[in-house]
Structure formats: C-alpha cells, structure tokens
Amino acid sequence: RETIATNVDKIIGMVGKVTKEILPDGKGEVKVNYQIWTAISKNNVSIEKDCDVVVVEIVGNKLVVEKIEEIIL
C-alpha cells in the first residue's frame with residue numbers, strides 16, 4: 001500500500017485543550033485548531049478537562065496526546 005499524506009498531519013505538534021476528560025485506556029475529547037477531536041492519552045493516564053495537551057500522533061481518527069506540564073520558576 002502507498003501512504004498518502006493529508007492535511008491532518010499538520011495537527012501533530014499543535015497544542016489543544018481537553019474538552020472531555022481522557023480516562024486511562026479510554027477516550028476523551030480535545031479541541032485543536034477550532035475543531036473537536038476524539039483523543040486518547042499517549043501513556044494511558046487520566047487527563048482532566050481544561051488541561052493543555054500536545055498532539056503527538058494520529059491513530060485512525062483519534063489524536064494521541066500528552067499533557068503539557070506547567071513549569072514553575
């Protein structure tokens with residue numbers, strides 16, 4: 001099979017906000033670039049609503065995300 005690149009690949013690396021909690025081994029929702037996507041956690045951890053996340057991968061029609069940790073100086 002030939003891999004066909006799509007515009008959806010540009011979402012990788014973008015920051016989004018969790019709109020529906022992502023549960024371990026479950027799905028939630030993330031808003032990225034003004035669109036709502038189904039999302040799963042990269043490390044199978046819970047990510048609370050309103051947390052900022054970064055998109056690390058796309059699997060099928062789901063975004064794989066990681067929580068952005070706040071750095072306190």
# chains A, B, ... in the order shown; residues from 1 in each chain; ligands from 1
>>> residues_around(residues="region 51-57 of chain A", least_positions_apart="6", cutoff="7 Å", atoms="only C-alpha atoms", output="list in words")
Ile11, Ile12, Gly13, Met14, Val15, Gly16, Lys17, Val18, Leu63, Val64, Val65, Glu66, Lys67 and Ile68 of chain A
>>> write_last_selection(atoms="N, CA and C atoms", output="mmCIF file, in the first residue's frame")
data_model
loop_
_atom_site.group_PDB
_atom_site.id
_atom_site.type_symbol
_atom_site.label_atom_id
_atom_site.label_comp_id
_atom_site.auth_asym_id
_atom_site.auth_seq_id
_atom_site.Cartn_x
_atom_site.Cartn_y
_atom_site.Cartn_z
ATOM 1 N N ILE A 11 -1.608 18.729 12.251
ATOM 2 C CA ILE A 11 -2.075 18.843 13.633
ATOM 3 C C ILE A 11 -1.030 18.312 14.617
ATOM 4 N N ILE A 12 -0.184 17.386 14.163
ATOM 5 C CA ILE A 12 0.851 16.836 15.045
ATOM 6 C C ILE A 12 1.764 17.969 15.499
ATOM 7 N N GLY A 13 1.939 18.055 16.806
ATOM 8 C CA GLY A 13 2.759 19.118 17.399
ATOM 9 C C GLY A 13 1.954 20.313 17.862
ATOM 10 N N MET A 14 0.687 20.388 17.482
ATOM 11 C CA MET A 14 -0.157 21.507 17.914
ATOM 12 C C MET A 14 -0.620 21.307 19.352
ATOM 13 N N VAL A 15 -0.937 22.418 19.996
ATOM 14 C CA VAL A 15 -1.441 22.406 21.362
ATOM 15 C C VAL A 15 -2.957 22.486 21.313
ATOM 16 N N GLY A 16 -3.606 21.719 22.178
ATOM 17 C CA GLY A 16 -5.055 21.736 22.277
ATOM 18 C C GLY A 16 -5.495 21.755 23.730
ATOM 19 N N LYS A 17 -6.809 21.829 23.933
ATOM 20 C CA LYS A 17 -7.374 21.836 25.286
ATOM 21 C C LYS A 17 -8.373 20.693 25.405
ATOM 22 N N VAL A 18 -8.280 19.967 26.510
ATOM 23 C CA VAL A 18 -9.190 18.843 26.765
ATOM 24 C C VAL A 18 -10.584 19.399 27.054
ATOM 25 N N LEU A 63 -6.749 11.415 18.015
ATOM 26 C CA LEU A 63 -5.484 12.068 18.326
ATOM 27 C C LEU A 63 -4.877 11.394 19.552
ATOM 28 N N VAL A 64 -3.582 11.194 19.530
ATOM 29 C CA VAL A 64 -2.844 10.709 20.693
ATOM 30 C C VAL A 64 -2.167 11.939 21.290
ATOM 31 N N VAL A 65 -2.457 12.221 22.562
ATOM 32 C CA VAL A 65 -1.993 13.459 23.178
ATOM 33 C C VAL A 65 -1.205 13.202 24.463
ATOM 34 N N GLU A 66 -0.393 14.213 24.811
ATOM 35 C CA GLU A 66 0.340 14.216 26.079
ATOM 36 C C GLU A 66 0.031 15.513 26.799
ATOM 37 N N LYS A 67 -0.086 15.439 28.111
ATOM 38 C CA LYS A 67 -0.349 16.615 28.927
ATOM 39 C C LYS A 67 0.881 17.508 28.958
ATOM 40 N N ILE A 68 0.654 18.805 28.839
ATOM 41 C CA ILE A 68 1.741 19.775 28.962
ATOM 42 C C ILE A 68 1.854 20.136 30.430
#
>>> residues_around(residues="Asn61 (chain A)", least_positions_apart="5", cutoff="10 Å", atoms="only C-alpha atoms", output="list in words")
Val8, Trp37, Thr38 and Ala39 of chain A
>>> residues_around(residues="Val45 (chain A)", least_positions_apart="5", cutoff="8 Å", atoms="only C-alpha atoms", output="list in words")
Ile22, Leu23, Pro24 and Asp25 of chain A
>>> write_last_selection(atoms="all heavy atoms", output="PDB file, in the first residue's frame")
ATOM      1  N   ILE A  22     -10.037  12.673  29.501  1.00  0.00           N
ATOM      2  CA  ILE A  22      -9.485  11.472  28.878  1.00  0.00           C
ATOM      3  C   ILE A  22      -9.156  10.498  29.998  1.00  0.00           C
ATOM      4  O   ILE A  22      -8.360  10.813  30.891  1.00  0.00           O
ATOM      5  CB  ILE A  22      -8.221  11.803  28.057  1.00  0.00           C
ATOM      6  CG1 ILE A  22      -8.557  12.838  26.986  1.00  0.00           C
ATOM      7  CG2 ILE A  22      -7.636  10.531  27.439  1.00  0.00           C
ATOM      8  CD1 ILE A  22      -7.346  13.399  26.272  1.00  0.00           C
ATOM      9  N   LEU A  23      -9.774   9.340  29.975  1.00  0.00           N
ATOM     10  CA  LEU A  23      -9.578   8.339  31.022  1.00  0.00           C
ATOM     11  C   LEU A  23      -8.481   7.357  30.626  1.00  0.00           C
ATOM     12  O   LEU A  23      -8.231   7.153  29.429  1.00  0.00           O
ATOM     13  CB  LEU A  23     -10.893   7.587  31.271  1.00  0.00           C
ATOM     14  CG  LEU A  23     -12.068   8.459  31.697  1.00  0.00           C
ATOM     15  CD1 LEU A  23     -13.345   7.636  31.732  1.00  0.00           C
ATOM     16  CD2 LEU A  23     -11.795   9.091  33.041  1.00  0.00           C
ATOM     17  N   PRO A  24      -7.829   6.721  31.621  1.00  0.00           N
ATOM     18  CA  PRO A  24      -6.830   5.698  31.289  1.00  0.00           C
ATOM     19  C   PRO A  24      -7.483   4.600  30.447  1.00  0.00           C
ATOM     20  O   PRO A  24      -8.582   4.152  30.749  1.00  0.00           O
ATOM     21  CB  PRO A  24      -6.396   5.162  32.656  1.00  0.00           C
ATOM     22  CG  PRO A  24      -6.756   6.233  33.629  1.00  0.00           C
ATOM     23  CD  PRO A  24      -7.972   6.907  33.059  1.00  0.00           C
ATOM     24  N   ASP A  25      -6.810   4.196  29.403  1.00  0.00           N
ATOM     25  CA  ASP A  25      -7.327   3.168  28.480  1.00  0.00           C
ATOM     26  C   ASP A  25      -8.701   3.536  27.925  1.00  0.00           C
ATOM     27  O   ASP A  25      -9.501   2.666  27.602  1.00  0.00           O
ATOM     28  CB  ASP A  25      -7.387   1.793  29.162  1.00  0.00           C
ATOM     29  CG  ASP A  25      -6.013   1.302  29.535  1.00  0.00           C
ATOM     30  OD1 ASP A  25      -5.081   1.491  28.735  1.00  0.00           O
ATOM     31  OD2 ASP A  25      -5.866   0.736  30.633  1.00  0.00           O
TER      32      ASP A  25
END
>>> decode(residues="region 37-53 of chain A", atoms="C-alpha atoms", output="compact mmCIF listing (two decimals), in the first residue's frame")
# COMPACT_ATOMS: atom_id res chain seq x y z
CA TRP A 37 -11.39 15.52 18.08
CA THR A 38 -11.66 12.19 19.86
CA ALA A 39 -8.43 11.72 21.81
CA ILE A 40 -6.52 9.13 23.81
CA SER A 41 -3.61 9.59 26.19
CA LYS A 42 -0.16 8.51 24.97
CA ASN A 43 0.75 6.96 28.33
CA ASN A 44 -2.72 5.68 29.28
CA VAL A 45 -3.07 8.25 32.04
CA SER A 46 -6.05 10.37 33.01
CA ILE A 47 -6.03 13.94 31.70
CA GLU A 48 -8.56 16.30 33.25
CA LYS A 49 -10.90 18.65 31.41
CA ASP A 50 -9.38 22.08 30.58
CA CYS A 51 -5.78 20.76 30.63
CA ASP A 52 -3.47 21.78 27.80
CA VAL A 53 -2.11 18.92 25.70
